[in-house]
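Participant: Pasting run_20.cif below, which is mmCIF, C-alpha atoms.
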```cif
data_model
loop_
_atom_site.label_atom_id
_atom_site.label_comp_id
_atom_site.auth_asym_id
_atom_site.auth_seq_id
_atom_site.Cartn_x
_atom_site.Cartn_y
_atom_site.Cartn_z
CA MET A 1 262.06 43.26 243.81
CA ALA A 2 260.00 41.89 240.99
CA GLY A 3 259.02 44.97 239.04
CA LEU A 4 261.80 47.50 239.61
CA GLU A 5 263.97 47.64 236.51
CA ILE A 6 266.74 49.96 237.63
CA SER A 7 269.72 49.10 239.79
CA PRO A 8 269.88 50.61 243.28
CA THR A 9 273.32 51.94 242.33
CA LYS A 10 271.83 54.04 239.51
CA VAL A 11 269.13 55.31 241.87
CA GLY A 12 271.89 56.12 244.37
CA PHE A 13 273.68 58.18 241.72
CA VAL A 14 270.51 60.20 241.05
CA ILE A 15 270.03 60.73 244.80
CA VAL A 16 273.62 61.94 245.31
CA LYS A 17 273.54 64.29 242.31
CA ALA A 18 270.07 65.61 243.21
CA ARG A 19 271.35 66.30 246.76
CA GLU A 20 274.34 68.20 245.31
CA LEU A 21 271.97 70.22 243.16
CA GLY A 22 269.63 70.76 246.10
CA ALA A 23 272.49 72.09 248.19
CA LYS A 24 273.13 74.72 245.54
CA VAL A 25 269.45 75.56 245.16
CA GLY A 26 269.10 75.50 248.96
CA ALA A 27 270.42 79.04 249.07
CA TRP A 28 266.83 80.22 248.55
CA ASP A 29 264.35 79.78 251.35
CA GLU A 30 261.30 81.49 252.88
CA GLY A 31 263.12 84.81 252.90
CA SER A 32 263.68 84.79 249.16
CA ASP A 33 261.47 86.44 246.59
CA HIS A 34 262.51 83.91 243.94
CA ASP A 35 260.46 80.86 243.05
CA ALA A 36 261.92 77.39 242.49
CA GLU A 37 261.72 77.62 238.70
CA SER A 38 263.73 80.83 238.49
CA ILE A 39 266.32 79.34 240.81
CA LEU A 40 266.60 76.21 238.65
CA GLU A 41 266.96 78.39 235.56
CA ASP A 42 269.95 80.03 237.24
CA PHE A 43 271.57 76.61 237.34
CA ALA A 44 270.67 75.62 233.77
CA ASP A 45 274.33 75.66 232.72
CA ASP A 46 275.52 74.14 236.00
CA SER A 47 277.55 70.97 235.50
CA THR A 48 275.70 69.06 238.25
CA MET A 49 272.34 69.85 236.64
CA ALA A 50 273.66 68.88 233.20
CA GLU A 51 275.19 65.67 234.53
CA LEU A 52 272.00 64.66 236.31
CA LYS A 53 269.78 65.47 233.31
CA GLU A 54 272.06 63.56 230.94
CA PHE A 55 272.23 60.55 233.28
CA ILE A 56 268.44 60.30 233.55
CA HIS A 57 267.98 60.98 229.83
CA ASP A 58 270.42 58.17 228.97
CA LEU A 59 268.58 55.58 231.07
CA ASN A 60 266.47 53.18 229.06
CA GLU A 61 262.69 53.51 229.17
CA ASP A 62 262.25 50.75 231.79
CA GLU A 63 264.82 52.42 234.05
CA GLN A 64 263.17 55.84 233.67
CA VAL A 65 259.74 54.35 234.41
CA SER A 66 261.16 52.59 237.49
CA LEU A 67 262.77 55.81 238.72
CA VAL A 68 259.47 57.72 238.43
CA ALA A 69 257.55 54.89 240.13
CA LEU A 70 260.13 54.80 242.92
CA ALA A 71 259.78 58.55 243.49
CA TRP A 72 255.99 58.18 243.60
CA ILE A 73 256.26 55.39 246.17
CA GLY A 74 258.61 57.55 248.25
CA ARG A 75 256.19 60.48 247.98
CA GLY A 76 253.34 58.28 249.18
CA SER A 77 251.35 58.35 245.93
CA PHE A 78 251.63 54.55 245.87
CA SER A 79 252.54 52.04 248.57
CA ALA A 80 255.36 49.53 248.18
CA ASP A 81 252.67 46.88 247.61
CA GLU A 82 251.44 48.89 244.63
CA LEU A 83 254.77 48.83 242.77
CA GLU A 84 253.30 47.18 239.66
CA GLU A 85 250.49 49.76 239.52
CA ALA A 86 253.01 52.60 239.98
CA LEU A 87 255.12 51.20 237.13
CA GLU A 88 252.09 50.86 234.85
CA THR A 89 250.99 54.42 235.64
CA ALA A 90 254.50 55.79 235.10
CA ARG A 91 254.71 53.96 231.77
CA SER A 92 251.27 55.13 230.57
CA GLU A 93 251.87 58.75 231.63
CA ARG A 94 255.46 58.83 230.41
CA THR A 95 256.66 61.90 228.59
CA ASN A 96 259.80 62.36 226.54
CA ARG A 97 261.32 64.58 229.21
CA THR A 98 261.50 62.32 232.25
CA GLU A 99 264.63 64.14 233.41
CA ASP A 100 262.81 67.50 233.55
CA TYR A 101 259.86 65.97 235.39
CA LEU A 102 262.08 64.36 238.03
CA ILE A 103 264.48 67.27 238.49
CA GLY A 104 261.50 69.59 238.90
CA MET A 105 260.08 67.40 241.67
CA PRO A 106 260.60 68.97 245.10
CA LEU A 107 262.32 66.60 247.53
CA LEU A 108 263.32 64.16 244.74
CA PRO A 109 266.29 62.66 246.66
CA ASP A 110 264.12 62.19 249.75
CA TYR A 111 261.40 60.50 247.72
CA LEU A 112 263.89 58.17 246.03
CA GLU A 113 265.43 57.25 249.39
CA GLU A 114 261.98 56.61 250.88
CA GLY A 115 261.04 54.51 247.85
CA LEU A 116 264.18 52.39 248.08
CA ASP A 117 263.65 51.93 251.79
CA ALA A 118 259.98 50.98 251.33
CA LEU A 119 261.02 48.30 248.83
CA GLY A 120 263.66 46.90 251.18
CA TYR A 121 266.81 48.27 249.58
CA SER A 122 269.70 49.74 251.56
CA VAL A 123 269.83 53.45 250.77
CA GLU A 124 273.35 53.72 252.19
CA ASP A 125 274.63 50.87 250.01
CA ALA A 126 273.00 52.36 246.91
CA GLU A 127 274.58 55.76 247.52
CA ASP A 128 277.99 54.32 248.46
CA ASP A 129 278.02 52.08 245.38
CA ALA A 130 277.06 55.02 243.19
CA MET A 131 280.03 57.02 244.46
CA GLY A 132 282.40 54.09 244.16
CA ASP A 133 282.99 53.83 247.93
#
```
Produce structure tokens that represent the structure in this file.
Facilitator:
Amino acid sequence: MAGLEISPTKVGFVIVKARELGAKVGAWDEGSDHDAESILEDFADDSTMAELKEFIHDLNEDEQVSLVALAWIGRGSFSADELEEALETARSERTNRTEDYLIGMPLLPDYLEEGLDALGYSVEDAEDDAMGD
């Protein structure tokens, strides 16, 4: 894919770690009086959260921009045909805390999977490669 500047394996790693984090956060649901932010604060010292934040933080700028654009495509903010526009928007709106933006995004792993799929990548291969399977 012409514009995506992150390997599917790295995206797969983010998906797997975000799913692990989501499983922990998943303990709260409609019956809870907590909001998502307070739940995430509870996991601030969690090793999965720290590992995911560090991984995203350590990506280069092009990889971070690609990850954000991929999530936006998966969310439906852009179509797969609009990849270049999504990348330009992600680059122009980039903040220094890409990891916080992405981790705070509800359904991040779903959006990344949808984005990969929309661009013709194998989600299963990306996740398996990320886990060394």
Participant: Using the chain letters and numbering of this document, enumerate as a VMD selection string the residues selected by the PyMOL selection byres ((chain A and resi 72) around 10).
Facilitator: chain A and resid 66 to 71 73 to 80 83 86 to 87 90 108 111 to 112 114 to 115
Participant: Could you write out that same residue set with C-alpha atoms as a compact mmCIF listing (two decimals), keeping the file's coordinate frame?
Facilitator:
```txt
# COMPACT_ATOMS: atom_id res chain seq x y z
CA SER A 66 261.16 52.59 237.49
CA LEU A 67 262.77 55.81 238.72
CA VAL A 68 259.47 57.72 238.43
CA ALA A 69 257.55 54.89 240.13
CA LEU A 70 260.13 54.80 242.92
CA ALA A 71 259.78 58.55 243.49
CA ILE A 73 256.26 55.39 246.17
CA GLY A 74 258.61 57.55 248.25
CA ARG A 75 256.19 60.48 247.98
CA GLY A 76 253.34 58.28 249.18
CA SER A 77 251.35 58.35 245.93
CA PHE A 78 251.63 54.55 245.87
CA SER A 79 252.54 52.04 248.57
CA ALA A 80 255.36 49.53 248.18
CA LEU A 83 254.77 48.83 242.77
CA ALA A 86 253.01 52.60 239.98
CA LEU A 87 255.12 51.20 237.13
CA ALA A 90 254.50 55.79 235.10
CA LEU A 108 263.32 64.16 244.74
CA TYR A 111 261.40 60.50 247.72
CA LEU A 112 263.89 58.17 246.03
CA GLU A 114 261.98 56.61 250.88
CA GLY A 115 261.04 54.51 247.85
```
Participant: Might you spell out which residues the PyMOL selection byres ((chain A and resi 102) around 10) would select in the displayed file, as a VMD selection string?
Facilitator: chain A and resid 14 18 53 56 64 67 to 68 71 97 to 101 103 to 109
Participant: Would you list the residues near (275.3, 58.5, 243.0), meaning any protein, DNA or RNA residue with an atom at most 9 Å from that point in file coordinates, counting only C-alpha atoms, as a ChimeraX atom specification?
Facilitator: /A:9-18,126-132
Participant: Between A:Glu63, A:Glu88, A:Gly3, A:Pro8, which residue has the minimum interatomic distance to Val123 of chain A, considering all atoms listed in the file?
Facilitator: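 Residue with the minimum atom-to-atom distance to Val123 of chain A: A:Pro8.
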Participant: Tell me which of A:Asp46, A:Asp62, A:Ala23, A:Leu52 sits closest to Ile6 of chain A, counting all atoms listed in the file.
Facilitator: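 Using all atoms listed in the file, Ile6 of chain A sits closest to A:Asp62.
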Participant: For Asn96 of chain A, which residue out of A:Asp58, A:Glu82, A:Glu5, A:Glu20 is the nearest one, using all atoms listed in the file?
Facilitator: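 Under the stated criterion, the closest residue is A:Asp58.
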Participant: In Å to one decimal, how far is atom CA of Ser92 of chain A from atom CA of Thr48 of chain A?
Facilitator: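 Computing the Euclidean distance for atom CA of Thr48 of chain A and atom CA of Ser92 of chain A yields 29.2 Å.
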Participant: What gap, in Å, lies between atom CA of Met49 of chain A and atom CA of Glu61 of chain A?
Facilitator: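 Interatomic distance, atom CA of Met49 of chain A to atom CA of Glu61 of chain A: 20.4 Å.
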Participant: Report, in Å with one decimal, the straight-line distance from atom CA of Asp81 of chain A to atom CA of Phe55 of chain A.
Facilitator: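 Separation between atom CA of Asp81 of chain A and atom CA of Phe55 of chain A: 27.8 Å.
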Participant: My list of candidates is A:Val65, A:Asp125, A:Asp110, A:Asp117. Which is closest to Thr89 of chain A when distances are computed with all atoms listed in the file?
Facilitator: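 Closest candidate: A:Val65.
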